[in-house]
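To be precise, the following lines are coords.pdb, and they hold PDB, C-alpha atoms.
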```pdb
ATOM      1  CA  MET A 686      86.538 267.214 -33.713  1.00  0.00           C
ATOM      2  CA  ALA A 687      86.631 263.441 -33.748  1.00  0.00           C
ATOM      3  CA  ASN A 688      84.275 263.409 -30.798  1.00  0.00           C
ATOM      4  CA  SER A 689      81.767 265.627 -32.549  1.00  0.00           C
ATOM      5  CA  THR A 690      81.583 263.302 -35.571  1.00  0.00           C
ATOM      6  CA  LYS A 691      80.857 260.394 -33.271  1.00  0.00           C
ATOM      7  CA  PHE A 692      78.053 262.338 -31.655  1.00  0.00           C
ATOM      8  CA  SER A 693      74.985 260.499 -32.885  1.00  0.00           C
ATOM      9  CA  ALA A 694      71.341 261.360 -32.569  1.00  0.00           C
ATOM     10  CA  VAL A 695      70.841 258.447 -30.215  1.00  0.00           C
ATOM     11  CA  GLU A 696      73.403 259.889 -27.838  1.00  0.00           C
ATOM     12  CA  THR A 697      71.486 263.144 -27.891  1.00  0.00           C
ATOM     13  CA  GLN A 698      68.568 261.277 -26.342  1.00  0.00           C
ATOM     14  CA  LYS A 699      70.819 260.376 -23.410  1.00  0.00           C
ATOM     15  CA  THR A 700      71.888 263.963 -22.818  1.00  0.00           C
ATOM     16  CA  PRO A 701      71.468 264.726 -19.113  1.00  0.00           C
ATOM     17  CA  ALA A 702      69.108 267.450 -18.015  1.00  0.00           C
ATOM     18  CA  LEU A 703      70.508 270.902 -18.754  1.00  0.00           C
ATOM     19  CA  PRO A 704      70.316 273.771 -16.268  1.00  0.00           C
ATOM     20  CA  ALA A 705      67.244 275.941 -16.585  1.00  0.00           C
ATOM     21  CA  SER A 706      67.378 278.534 -19.363  1.00  0.00           C
ATOM     22  CA  PRO A 707      64.814 281.330 -18.903  1.00  0.00           C
ATOM     23  CA  LYS A 708      64.931 282.307 -22.566  1.00  0.00           C
ATOM     24  CA  MET A 709      64.522 278.767 -23.847  1.00  0.00           C
ATOM     25  CA  SER A 710      61.743 278.048 -21.349  1.00  0.00           C
ATOM     26  CA  VAL A 711      59.622 280.629 -23.208  1.00  0.00           C
ATOM     27  CA  ILE A 712      60.812 280.069 -26.779  1.00  0.00           C
ATOM     28  CA  ALA A 713      60.664 276.253 -26.800  1.00  0.00           C
ATOM     29  CA  PRO A 714      56.977 275.910 -25.799  1.00  0.00           C
ATOM     30  CA  ALA A 715      55.969 278.718 -28.174  1.00  0.00           C
ATOM     31  CA  ILE A 716      57.786 277.135 -31.119  1.00  0.00           C
ATOM     32  CA  ALA A 717      56.500 273.699 -30.078  1.00  0.00           C
ATOM     33  CA  TRP A 718      52.904 274.953 -30.227  1.00  0.00           C
ATOM     34  CA  LEU A 719      53.385 276.690 -33.566  1.00  0.00           C
ATOM     35  CA  ILE A 720      55.205 273.782 -35.253  1.00  0.00           C
ATOM     36  CA  PRO A 721      54.633 270.366 -33.627  1.00  0.00           C
ATOM     37  CA  GLY A 722      57.968 268.827 -32.605  1.00  0.00           C
ATOM     38  CA  ALA A 723      59.998 271.972 -33.269  1.00  0.00           C
ATOM     39  CA  GLY A 724      60.316 272.701 -29.537  1.00  0.00           C
ATOM     40  CA  HIS A 725      62.340 269.508 -29.222  1.00  0.00           C
ATOM     41  CA  LEU A 726      64.312 270.105 -32.398  1.00  0.00           C
ATOM     42  CA  ILE A 727      65.617 273.511 -31.284  1.00  0.00           C
ATOM     43  CA  GLN A 728      66.821 271.817 -28.096  1.00  0.00           C
ATOM     44  CA  LYS A 729      68.652 269.209 -30.187  1.00  0.00           C
ATOM     45  CA  ARG A 730      66.339 266.352 -29.272  1.00  0.00           C
ATOM     46  CA  TRP A 731      66.306 265.287 -32.922  1.00  0.00           C
ATOM     47  CA  ILE A 732      64.635 261.893 -32.761  1.00  0.00           C
ATOM     48  CA  ARG A 733      61.983 262.935 -30.262  1.00  0.00           C
ATOM     49  CA  GLY A 734      61.244 266.066 -32.283  1.00  0.00           C
ATOM     50  CA  LEU A 735      60.923 264.198 -35.567  1.00  0.00           C
ATOM     51  CA  VAL A 736      58.697 261.506 -34.044  1.00  0.00           C
ATOM     52  CA  LEU A 737      56.416 264.145 -32.526  1.00  0.00           C
ATOM     53  CA  MET A 738      56.352 266.198 -35.730  1.00  0.00           C
ATOM     54  CA  ALA A 739      55.550 263.169 -37.902  1.00  0.00           C
ATOM     55  CA  SER A 740      52.909 261.766 -35.542  1.00  0.00           C
ATOM     56  CA  ILE A 741      51.014 264.967 -34.804  1.00  0.00           C
ATOM     57  CA  SER A 742      51.194 266.389 -38.334  1.00  0.00           C
ATOM     58  CA  THR A 743      50.163 263.113 -39.966  1.00  0.00           C
ATOM     59  CA  MET A 744      47.283 262.737 -37.556  1.00  0.00           C
ATOM     60  CA  PHE A 745      46.074 266.263 -38.299  1.00  0.00           C
ATOM     61  CA  VAL A 746      46.370 265.810 -42.089  1.00  0.00           C
ATOM     62  CA  LEU A 747      44.569 262.453 -41.905  1.00  0.00           C
ATOM     63  CA  GLY A 748      41.779 264.193 -39.991  1.00  0.00           C
ATOM     64  CA  LEU A 749      41.460 266.760 -42.774  1.00  0.00           C
ATOM     65  CA  LEU A 750      41.528 264.082 -45.488  1.00  0.00           C
ATOM     66  CA  MET A 751      38.799 262.182 -43.649  1.00  0.00           C
ATOM     67  CA  GLN A 752      36.678 265.348 -43.918  1.00  0.00           C
ATOM     68  CA  GLY A 753      36.723 265.950 -40.201  1.00  0.00           C
ATOM     69  CA  ARG A 754      35.056 268.999 -38.746  1.00  0.00           C
ATOM     70  CA  VAL A 755      37.246 272.015 -37.974  1.00  0.00           C
ATOM     71  CA  TYR A 756      35.821 273.871 -34.991  1.00  0.00           C
ATOM     72  CA  HIS A 757      35.585 277.670 -34.873  1.00  0.00           C
ATOM     73  CA  PRO A 758      36.017 279.811 -31.736  1.00  0.00           C
ATOM     74  CA  ASN A 759      32.440 281.121 -31.862  1.00  0.00           C
ATOM     75  CA  GLY A 760      30.700 277.756 -31.969  1.00  0.00           C
ATOM     76  CA  GLY A 761      28.187 278.692 -29.274  1.00  0.00           C
ATOM     77  CA  ASP A 762      27.721 275.173 -27.916  1.00  0.00           C
ATOM     78  CA  ILE A 763      29.998 274.209 -24.987  1.00  0.00           C
ATOM     79  CA  LEU A 764      31.075 271.033 -26.800  1.00  0.00           C
ATOM     80  CA  ASP A 765      31.983 273.116 -29.851  1.00  0.00           C
ATOM     81  CA  ILE A 766      34.140 275.334 -27.639  1.00  0.00           C
ATOM     82  CA  LEU A 767      35.902 272.252 -26.242  1.00  0.00           C
ATOM     83  CA  GLY A 768      36.408 271.025 -29.790  1.00  0.00           C
ATOM     84  CA  PHE A 769      37.946 274.366 -30.664  1.00  0.00           C
ATOM     85  CA  VAL A 770      40.313 274.147 -27.685  1.00  0.00           C
ATOM     86  CA  GLY A 771      41.458 270.751 -28.930  1.00  0.00           C
ATOM     87  CA  ASP A 772      41.850 271.906 -32.523  1.00  0.00           C
ATOM     88  CA  VAL A 773      43.766 275.059 -31.639  1.00  0.00           C
ATOM     89  CA  GLY A 774      46.383 272.942 -29.846  1.00  0.00           C
ATOM     90  CA  ALA A 775      47.750 272.019 -33.265  1.00  0.00           C
ATOM     91  CA  GLY A 776      48.993 275.612 -33.532  1.00  0.00           C
ATOM     92  CA  GLY A 777      50.318 276.441 -36.988  1.00  0.00           C
ATOM     93  CA  LEU A 778      48.473 273.524 -38.569  1.00  0.00           C
ATOM     94  CA  TYR A 779      45.164 274.913 -37.291  1.00  0.00           C
ATOM     95  CA  ILE A 780      46.027 278.461 -38.360  1.00  0.00           C
ATOM     96  CA  VAL A 781      46.930 277.346 -41.899  1.00  0.00           C
ATOM     97  CA  THR A 782      43.780 275.217 -42.057  1.00  0.00           C
ATOM     98  CA  ARG A 783      41.574 278.170 -41.128  1.00  0.00           C
ATOM     99  CA  MET A 784      43.414 280.521 -43.488  1.00  0.00           C
ATOM    100  CA  GLN A 785      43.004 278.099 -46.401  1.00  0.00           C
ATOM    101  CA  ASP A 786      39.443 277.270 -45.374  1.00  0.00           C
ATOM    102  CA  TRP A 787      40.208 273.552 -45.338  1.00  0.00           C
ATOM    103  CA  GLY A 788      38.136 271.052 -43.412  1.00  0.00           C
ATOM    104  CA  HIS A 789      34.402 270.852 -43.042  1.00  0.00           C
ATOM    105  CA  GLY A 790      31.938 272.692 -40.840  1.00  0.00           C
ATOM    106  CA  ALA A 791      29.630 269.704 -40.499  1.00  0.00           C
ATOM    107  CA  ILE A 792      30.154 265.958 -40.477  1.00  0.00           C
ATOM    108  CA  ALA A 793      28.989 264.472 -43.804  1.00  0.00           C
ATOM    109  CA  HIS A 794      29.407 260.731 -43.154  1.00  0.00           C
ATOM    110  CA  ALA A 795      30.293 258.218 -40.434  1.00  0.00           C
ATOM    111  CA  THR A 796      34.064 258.067 -40.942  1.00  0.00           C
ATOM    112  CA  ALA A 797      34.250 261.863 -40.996  1.00  0.00           C
ATOM    113  CA  ASP A 798      33.491 261.669 -37.281  1.00  0.00           C
ATOM    114  CA  TYR A 799      36.802 259.848 -36.910  1.00  0.00           C
ATOM    115  CA  GLY A 800      38.426 262.692 -38.835  1.00  0.00           C
ATOM    116  CA  THR A 801      37.022 265.185 -36.321  1.00  0.00           C
ATOM    117  CA  LYS A 802      38.513 263.140 -33.481  1.00  0.00           C
ATOM    118  CA  PHE A 803      41.855 262.909 -35.272  1.00  0.00           C
ATOM    119  CA  LEU A 804      41.968 266.714 -35.553  1.00  0.00           C
ATOM    120  CA  ILE A 805      41.080 267.269 -31.900  1.00  0.00           C
ATOM    121  CA  VAL A 806      43.460 264.613 -30.571  1.00  0.00           C
ATOM    122  CA  ALA A 807      46.312 265.894 -32.763  1.00  0.00           C
ATOM    123  CA  GLY A 808      45.878 269.262 -31.035  1.00  0.00           C
ATOM    124  CA  LEU A 809      45.683 267.697 -27.579  1.00  0.00           C
ATOM    125  CA  LEU A 810      48.797 265.611 -28.233  1.00  0.00           C
ATOM    126  CA  ASN A 811      50.579 268.789 -29.265  1.00  0.00           C
ATOM    127  CA  PHE A 812      49.696 270.299 -25.876  1.00  0.00           C
ATOM    128  CA  ILE A 813      51.509 267.342 -24.290  1.00  0.00           C
ATOM    129  CA  SER A 814      54.423 267.944 -26.662  1.00  0.00           C
ATOM    130  CA  VAL A 815      54.521 271.628 -25.628  1.00  0.00           C
ATOM    131  CA  ALA A 816      54.631 270.669 -21.937  1.00  0.00           C
ATOM    132  CA  ASP A 817      57.425 268.179 -22.652  1.00  0.00           C
ATOM    133  CA  ALA A 818      59.458 270.804 -24.529  1.00  0.00           C
ATOM    134  CA  TYR A 819      59.033 273.124 -21.534  1.00  0.00           C
ATOM    135  CA  HIS A 820      60.183 270.438 -19.100  1.00  0.00           C
ATOM    136  CA  ILE A 821      63.295 269.862 -21.191  1.00  0.00           C
ATOM    137  CA  ALA A 822      63.962 273.615 -21.327  1.00  0.00           C
ATOM    138  CA  ILE A 823      63.790 274.041 -17.546  1.00  0.00           C
ATOM    139  CA  GLY A 824      65.989 270.987 -16.988  1.00  0.00           C
ATOM    140  CA  LYS A 825      63.291 268.840 -15.403  1.00  0.00           C
ATOM    141  CA  LYS A 826      63.649 266.183 -18.113  1.00  0.00           C
ATOM    142  CA  PRO A 827      66.791 265.032 -19.960  1.00  0.00           C
TER     143      PRO A 827
ATOM    144  CA  MET B 847      41.251 264.347 -52.053  1.00  0.00           C
ATOM    145  CA  THR B 848      39.306 262.483 -49.418  1.00  0.00           C
ATOM    146  CA  LEU B 849      40.099 259.444 -47.362  1.00  0.00           C
ATOM    147  CA  GLU B 850      37.524 256.923 -46.194  1.00  0.00           C
ATOM    148  CA  LEU B 851      39.116 254.530 -43.744  1.00  0.00           C
ATOM    149  CA  SER B 852      37.389 251.567 -42.177  1.00  0.00           C
ATOM    150  CA  HIS B 853      36.637 251.758 -38.469  1.00  0.00           C
ATOM    151  CA  PHE B 854      39.442 249.317 -37.716  1.00  0.00           C
ATOM    152  CA  SER B 855      42.136 251.020 -39.798  1.00  0.00           C
ATOM    153  CA  ALA B 856      41.181 254.401 -38.358  1.00  0.00           C
ATOM    154  CA  ALA B 857      41.473 252.965 -34.837  1.00  0.00           C
ATOM    155  CA  VAL B 858      44.870 251.384 -35.608  1.00  0.00           C
ATOM    156  CA  LEU B 859      46.256 254.625 -37.086  1.00  0.00           C
ATOM    157  CA  PHE B 860      44.957 256.547 -34.097  1.00  0.00           C
ATOM    158  CA  SER B 861      46.656 254.043 -31.782  1.00  0.00           C
ATOM    159  CA  VAL B 862      49.989 254.264 -33.613  1.00  0.00           C
ATOM    160  CA  PHE B 863      50.267 258.049 -33.525  1.00  0.00           C
ATOM    161  CA  ALA B 864      48.911 258.540 -30.009  1.00  0.00           C
ATOM    162  CA  SER B 865      51.207 255.794 -28.677  1.00  0.00           C
ATOM    163  CA  ALA B 866      54.239 257.347 -30.356  1.00  0.00           C
ATOM    164  CA  VAL B 867      53.572 260.714 -28.705  1.00  0.00           C
ATOM    165  CA  PHE B 868      52.852 259.126 -25.318  1.00  0.00           C
ATOM    166  CA  GLY B 869      56.034 257.071 -25.516  1.00  0.00           C
ATOM    167  CA  VAL B 870      58.236 260.042 -26.402  1.00  0.00           C
ATOM    168  CA  THR B 871      56.773 262.463 -23.886  1.00  0.00           C
ATOM    169  CA  GLN B 872      56.103 260.257 -20.870  1.00  0.00           C
ATOM    170  CA  ARG B 873      59.450 258.470 -20.525  1.00  0.00           C
ATOM    171  CA  ASN B 874      63.072 259.611 -20.438  1.00  0.00           C
ATOM    172  CA  THR B 875      65.350 257.027 -22.015  1.00  0.00           C
ATOM    173  CA  PRO B 876      64.944 255.641 -25.578  1.00  0.00           C
ATOM    174  CA  SER B 877      64.382 252.055 -24.414  1.00  0.00           C
ATOM    175  CA  GLU B 878      61.741 253.146 -21.918  1.00  0.00           C
ATOM    176  CA  GLN B 879      60.082 255.288 -24.580  1.00  0.00           C
ATOM    177  CA  ILE B 880      59.850 252.375 -27.029  1.00  0.00           C
ATOM    178  CA  ARG B 881      58.563 250.030 -24.347  1.00  0.00           C
ATOM    179  CA  TYR B 882      55.934 252.486 -23.115  1.00  0.00           C
ATOM    180  CA  GLY B 883      54.884 253.333 -26.683  1.00  0.00           C
ATOM    181  CA  LEU B 884      54.354 249.644 -27.445  1.00  0.00           C
ATOM    182  CA  TYR B 885      52.463 249.216 -24.178  1.00  0.00           C
ATOM    183  CA  CYS B 886      50.150 252.106 -25.071  1.00  0.00           C
ATOM    184  CA  PHE B 887      49.602 250.695 -28.574  1.00  0.00           C
ATOM    185  CA  VAL B 888      48.661 247.279 -27.179  1.00  0.00           C
ATOM    186  CA  MET B 889      46.293 248.919 -24.703  1.00  0.00           C
ATOM    187  CA  PHE B 890      44.649 251.048 -27.427  1.00  0.00           C
ATOM    188  CA  ALA B 891      44.347 248.191 -29.927  1.00  0.00           C
ATOM    189  CA  GLY B 892      43.322 245.716 -27.223  1.00  0.00           C
ATOM    190  CA  GLY B 893      40.698 248.172 -26.010  1.00  0.00           C
ATOM    191  CA  VAL B 894      39.219 248.275 -29.510  1.00  0.00           C
ATOM    192  CA  PHE B 895      38.879 244.478 -29.570  1.00  0.00           C
ATOM    193  CA  VAL B 896      37.419 244.335 -26.052  1.00  0.00           C
ATOM    194  CA  ALA B 897      34.932 247.112 -26.833  1.00  0.00           C
ATOM    195  CA  GLY B 898      34.002 245.333 -30.061  1.00  0.00           C
ATOM    196  CA  TRP B 899      33.284 242.055 -28.278  1.00  0.00           C
ATOM    197  CA  VAL B 900      31.336 243.837 -25.531  1.00  0.00           C
ATOM    198  CA  MET B 901      29.147 245.486 -28.168  1.00  0.00           C
ATOM    199  CA  TRP B 902      28.695 242.122 -29.889  1.00  0.00           C
ATOM    200  CA  LEU B 903      27.594 240.541 -26.597  1.00  0.00           C
ATOM    201  CA  LEU B 904      25.165 243.386 -25.927  1.00  0.00           C
ATOM    202  CA  ARG B 905      23.733 243.009 -29.426  1.00  0.00           C
ATOM    203  CA  HIS B 906      23.226 239.241 -29.005  1.00  0.00           C
TER     204      HIS B 906
END
```
What would the structure in this file look like if it were written as structure tokens?
Amino acid sequence: MANSTKFSAVETQKTPALPASPKMSVIAPAIAWLIPGAGHLIQKRWIRGLVLMASISTMFVLGLLMQGRVYHPNGGDILDILGFVGDVGAGGLYIVTRMQDWGHGAIAHATADYGTKFLIVAGLLNFISVADAYHIAIGKKP
Amino acid sequence: MTLELSHFSAAVLFSVFASAVFGVTQRNTPSEQIRYGLYCFVMFAGGVFVAGWVMWLLRH
């Protein structure tokens, strides 16, 4: 009991790689895609999960506030399709954005172009986060 | 609510968040993660300054 109270979040970061768990290797990436950082949180990587969640979510929200363009799957243009692939990486954030009809279909001013890039990169960073959650789940990374 | 950031502040915010994710996902131990995150931030922010000066030189 005394040991468990001393178990800090920092020590969790030093946890050695766990043996591969087939169930977790599917659940963790799926949850990580849906909610940025959650794939790490369910594997008790608290600090990593919170940093990823804060970074990716803030970046996505900033993109929306900067009136960035939210790409749709039927854009037609190849660059629009690539933009959609980036956006959809944000998972639940993208789904909620589309459901609420947030974001803009066209760029209105110069800084809105930055907003578009923030949205795309937030999604792409979440893809990296998903891969990292998977590597932790299969025991490839501590 | 809308947000209109300057080019520089947008670039700095981009650098901070991208570096944080790179640091966490690309290294294993906390000290390595912090070091790599800082390295990425310096590279991003430094790249902005270098690109800015290159554009200034091209303009003049």
Practice task
Identify all residues satisfying the ChimeraX specification (/B :<9) & /A in the given file; provide them as a PyMOL selection string.
Solution key: chain A and resi 695+698-699+733-734+736-737+739-741+743-744+747-752+796-797+799-800+803+806-807+810-811+813-814+816-818+826-827
Just write the chosen residues, C-alpha atoms, as a PDB file, in the coordinates of the input.
```
ATOM      1  CA  VAL A 695      70.841 258.447 -30.215  1.00  0.00           C
ATOM      2  CA  GLN A 698      68.568 261.277 -26.342  1.00  0.00           C
ATOM      3  CA  LYS A 699      70.819 260.376 -23.410  1.00  0.00           C
ATOM      4  CA  ARG A 733      61.983 262.935 -30.262  1.00  0.00           C
ATOM      5  CA  GLY A 734      61.244 266.066 -32.283  1.00  0.00           C
ATOM      6  CA  VAL A 736      58.697 261.506 -34.044  1.00  0.00           C
ATOM      7  CA  LEU A 737      56.416 264.145 -32.526  1.00  0.00           C
ATOM      8  CA  ALA A 739      55.550 263.169 -37.902  1.00  0.00           C
ATOM      9  CA  SER A 740      52.909 261.766 -35.542  1.00  0.00           C
ATOM     10  CA  ILE A 741      51.014 264.967 -34.804  1.00  0.00           C
ATOM     11  CA  THR A 743      50.163 263.113 -39.966  1.00  0.00           C
ATOM     12  CA  MET A 744      47.283 262.737 -37.556  1.00  0.00           C
ATOM     13  CA  LEU A 747      44.569 262.453 -41.905  1.00  0.00           C
ATOM     14  CA  GLY A 748      41.779 264.193 -39.991  1.00  0.00           C
ATOM     15  CA  LEU A 749      41.460 266.760 -42.774  1.00  0.00           C
ATOM     16  CA  LEU A 750      41.528 264.082 -45.488  1.00  0.00           C
ATOM     17  CA  MET A 751      38.799 262.182 -43.649  1.00  0.00           C
ATOM     18  CA  GLN A 752      36.678 265.348 -43.918  1.00  0.00           C
ATOM     19  CA  THR A 796      34.064 258.067 -40.942  1.00  0.00           C
ATOM     20  CA  ALA A 797      34.250 261.863 -40.996  1.00  0.00           C
ATOM     21  CA  TYR A 799      36.802 259.848 -36.910  1.00  0.00           C
ATOM     22  CA  GLY A 800      38.426 262.692 -38.835  1.00  0.00           C
ATOM     23  CA  PHE A 803      41.855 262.909 -35.272  1.00  0.00           C
ATOM     24  CA  VAL A 806      43.460 264.613 -30.571  1.00  0.00           C
ATOM     25  CA  ALA A 807      46.312 265.894 -32.763  1.00  0.00           C
ATOM     26  CA  LEU A 810      48.797 265.611 -28.233  1.00  0.00           C
ATOM     27  CA  ASN A 811      50.579 268.789 -29.265  1.00  0.00           C
ATOM     28  CA  ILE A 813      51.509 267.342 -24.290  1.00  0.00           C
ATOM     29  CA  SER A 814      54.423 267.944 -26.662  1.00  0.00           C
ATOM     30  CA  ALA A 816      54.631 270.669 -21.937  1.00  0.00           C
ATOM     31  CA  ASP A 817      57.425 268.179 -22.652  1.00  0.00           C
ATOM     32  CA  ALA A 818      59.458 270.804 -24.529  1.00  0.00           C
ATOM     33  CA  LYS A 826      63.649 266.183 -18.113  1.00  0.00           C
ATOM     34  CA  PRO A 827      66.791 265.032 -19.960  1.00  0.00           C
TER      35      PRO A 827
END
```
Exercise for the section: Write out as a list in words the residues lying within 10 Å of Phe890 of chain B, counting only C-alpha atoms and excluding same-chain residues fewer than 2 positions away. Expected result: Ala857, Val858, Phe860, Ser861, Val862, Ala864, Ser865, Leu884, Tyr885, Cys886, Phe887, Val888, Gly892, Gly893, Val894, Phe895 and Val896 of chain B
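Counting from atom CA of Tyr779 of chain A, the distance to atom CA of Leu726 of chain A is 20.3 Å.
Comparing the minimum interatomic distances between His757 of chain A and each of A:Ile716, A:Val815, A:Met784, A:Ile821, counting only C-alpha atoms, we find that A:Met784 sits nearest.
Put simply, atom CA of Met901 of chain B is 23.9 Å away from atom CA of Ile792 of chain A.
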Padding 8 Å on each side, edges along x, y and z: where is the centre of the box around the listed atoms of segment 873-881 of chain B, and how long are its edges in Å to one decimal? Output it as JSON.
```
{"center_x": 62.0, "center_y": 254.8, "center_z": -23.7, "size_x": 22.8, "size_y": 25.6, "size_z": 22.6}
```
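Pairwise distance (atom CA of Asp772 of chain A, atom CA of Leu804 of chain A) equals 6.0 Å.
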Got a minute to add N, CA and C atoms to segment 749-774 of chain A and dump it as a PDB file, in the coordinates of the input?
```pdb
ATOM      1  N   LEU A 749      41.973 265.904 -41.699  1.00  0.00           N
ATOM      2  CA  LEU A 749      41.460 266.760 -42.774  1.00  0.00           C
ATOM      3  C   LEU A 749      41.029 265.926 -43.983  1.00  0.00           C
ATOM      4  N   LEU A 750      41.850 264.927 -44.330  1.00  0.00           N
ATOM      5  CA  LEU A 750      41.528 264.082 -45.488  1.00  0.00           C
ATOM      6  C   LEU A 750      40.269 263.254 -45.247  1.00  0.00           C
ATOM      7  N   MET A 751      40.004 262.938 -43.985  1.00  0.00           N
ATOM      8  CA  MET A 751      38.799 262.182 -43.649  1.00  0.00           C
ATOM      9  C   MET A 751      37.580 263.099 -43.518  1.00  0.00           C
ATOM     10  N   GLN A 752      37.755 264.345 -43.928  1.00  0.00           N
ATOM     11  CA  GLN A 752      36.678 265.348 -43.918  1.00  0.00           C
ATOM     12  C   GLN A 752      36.150 265.617 -42.512  1.00  0.00           C
ATOM     13  N   GLY A 753      37.098 265.640 -41.576  1.00  0.00           N
ATOM     14  CA  GLY A 753      36.723 265.950 -40.201  1.00  0.00           C
ATOM     15  C   GLY A 753      36.289 267.398 -40.053  1.00  0.00           C
ATOM     16  N   ARG A 754      35.560 267.654 -39.000  1.00  0.00           N
ATOM     17  CA  ARG A 754      35.056 268.999 -38.746  1.00  0.00           C
ATOM     18  C   ARG A 754      36.131 269.846 -38.090  1.00  0.00           C
ATOM     19  N   VAL A 755      36.318 271.054 -38.590  1.00  0.00           N
ATOM     20  CA  VAL A 755      37.246 272.015 -37.974  1.00  0.00           C
ATOM     21  C   VAL A 755      36.404 273.007 -37.170  1.00  0.00           C
ATOM     22  N   TYR A 756      36.635 273.031 -35.866  1.00  0.00           N
ATOM     23  CA  TYR A 756      35.821 273.871 -34.991  1.00  0.00           C
ATOM     24  C   TYR A 756      36.274 275.333 -35.050  1.00  0.00           C
ATOM     25  N   HIS A 757      35.308 276.231 -34.890  1.00  0.00           N
ATOM     26  CA  HIS A 757      35.585 277.670 -34.873  1.00  0.00           C
ATOM     27  C   HIS A 757      35.432 278.184 -33.439  1.00  0.00           C
ATOM     28  N   PRO A 758      36.082 279.325 -33.129  1.00  0.00           N
ATOM     29  CA  PRO A 758      36.017 279.811 -31.736  1.00  0.00           C
ATOM     30  C   PRO A 758      34.619 280.231 -31.298  1.00  0.00           C
ATOM     31  N   ASN A 759      33.775 280.634 -32.235  1.00  0.00           N
ATOM     32  CA  ASN A 759      32.440 281.121 -31.862  1.00  0.00           C
ATOM     33  C   ASN A 759      31.374 280.076 -32.140  1.00  0.00           C
ATOM     34  N   GLY A 760      31.639 278.841 -31.703  1.00  0.00           N
ATOM     35  CA  GLY A 760      30.700 277.756 -31.969  1.00  0.00           C
ATOM     36  C   GLY A 760      29.385 277.888 -31.222  1.00  0.00           C
ATOM     37  N   GLY A 761      29.412 278.523 -30.053  1.00  0.00           N
ATOM     38  CA  GLY A 761      28.187 278.692 -29.274  1.00  0.00           C
ATOM     39  C   GLY A 761      27.988 277.563 -28.286  1.00  0.00           C
ATOM     40  N   ASP A 762      27.905 276.349 -28.757  1.00  0.00           N
ATOM     41  CA  ASP A 762      27.721 275.173 -27.916  1.00  0.00           C
ATOM     42  C   ASP A 762      28.997 274.911 -27.111  1.00  0.00           C
ATOM     43  N   ILE A 763      28.837 274.462 -25.853  1.00  0.00           N
ATOM     44  CA  ILE A 763      29.998 274.209 -24.987  1.00  0.00           C
ATOM     45  C   ILE A 763      30.889 273.103 -25.567  1.00  0.00           C
ATOM     46  N   LEU A 764      30.274 272.105 -26.194  1.00  0.00           N
ATOM     47  CA  LEU A 764      31.075 271.033 -26.800  1.00  0.00           C
ATOM     48  C   LEU A 764      31.855 271.545 -28.009  1.00  0.00           C
ATOM     49  N   ASP A 765      31.264 272.512 -28.725  1.00  0.00           N
ATOM     50  CA  ASP A 765      31.983 273.116 -29.851  1.00  0.00           C
ATOM     51  C   ASP A 765      33.201 273.901 -29.349  1.00  0.00           C
ATOM     52  N   ILE A 766      33.025 274.563 -28.208  1.00  0.00           N
ATOM     53  CA  ILE A 766      34.140 275.334 -27.639  1.00  0.00           C
ATOM     54  C   ILE A 766      35.268 274.383 -27.217  1.00  0.00           C
ATOM     55  N   LEU A 767      34.889 273.254 -26.619  1.00  0.00           N
ATOM     56  CA  LEU A 767      35.902 272.252 -26.242  1.00  0.00           C
ATOM     57  C   LEU A 767      36.603 271.690 -27.476  1.00  0.00           C
ATOM     58  N   GLY A 768      35.822 271.482 -28.530  1.00  0.00           N
ATOM     59  CA  GLY A 768      36.408 271.025 -29.790  1.00  0.00           C
ATOM     60  C   GLY A 768      37.393 272.042 -30.335  1.00  0.00           C
ATOM     61  N   PHE A 769      37.040 273.310 -30.204  1.00  0.00           N
ATOM     62  CA  PHE A 769      37.946 274.366 -30.664  1.00  0.00           C
ATOM     63  C   PHE A 769      39.242 274.366 -29.851  1.00  0.00           C
ATOM     64  N   VAL A 770      39.112 274.185 -28.544  1.00  0.00           N
ATOM     65  CA  VAL A 770      40.313 274.147 -27.685  1.00  0.00           C
ATOM     66  C   VAL A 770      41.239 273.014 -28.120  1.00  0.00           C
ATOM     67  N   GLY A 771      40.650 271.866 -28.437  1.00  0.00           N
ATOM     68  CA  GLY A 771      41.458 270.751 -28.930  1.00  0.00           C
ATOM     69  C   GLY A 771      42.112 271.078 -30.261  1.00  0.00           C
ATOM     70  N   ASP A 772      41.322 271.603 -31.178  1.00  0.00           N
ATOM     71  CA  ASP A 772      41.850 271.906 -32.523  1.00  0.00           C
ATOM     72  C   ASP A 772      42.981 272.921 -32.474  1.00  0.00           C
ATOM     73  N   VAL A 773      42.797 273.956 -31.655  1.00  0.00           N
ATOM     74  CA  VAL A 773      43.766 275.059 -31.639  1.00  0.00           C
ATOM     75  C   VAL A 773      45.108 274.616 -31.042  1.00  0.00           C
ATOM     76  N   GLY A 774      45.118 273.474 -30.369  1.00  0.00           N
ATOM     77  CA  GLY A 774      46.383 272.942 -29.846  1.00  0.00           C
ATOM     78  C   GLY A 774      47.369 272.608 -30.946  1.00  0.00           C
TER      79      GLY A 774
END
```
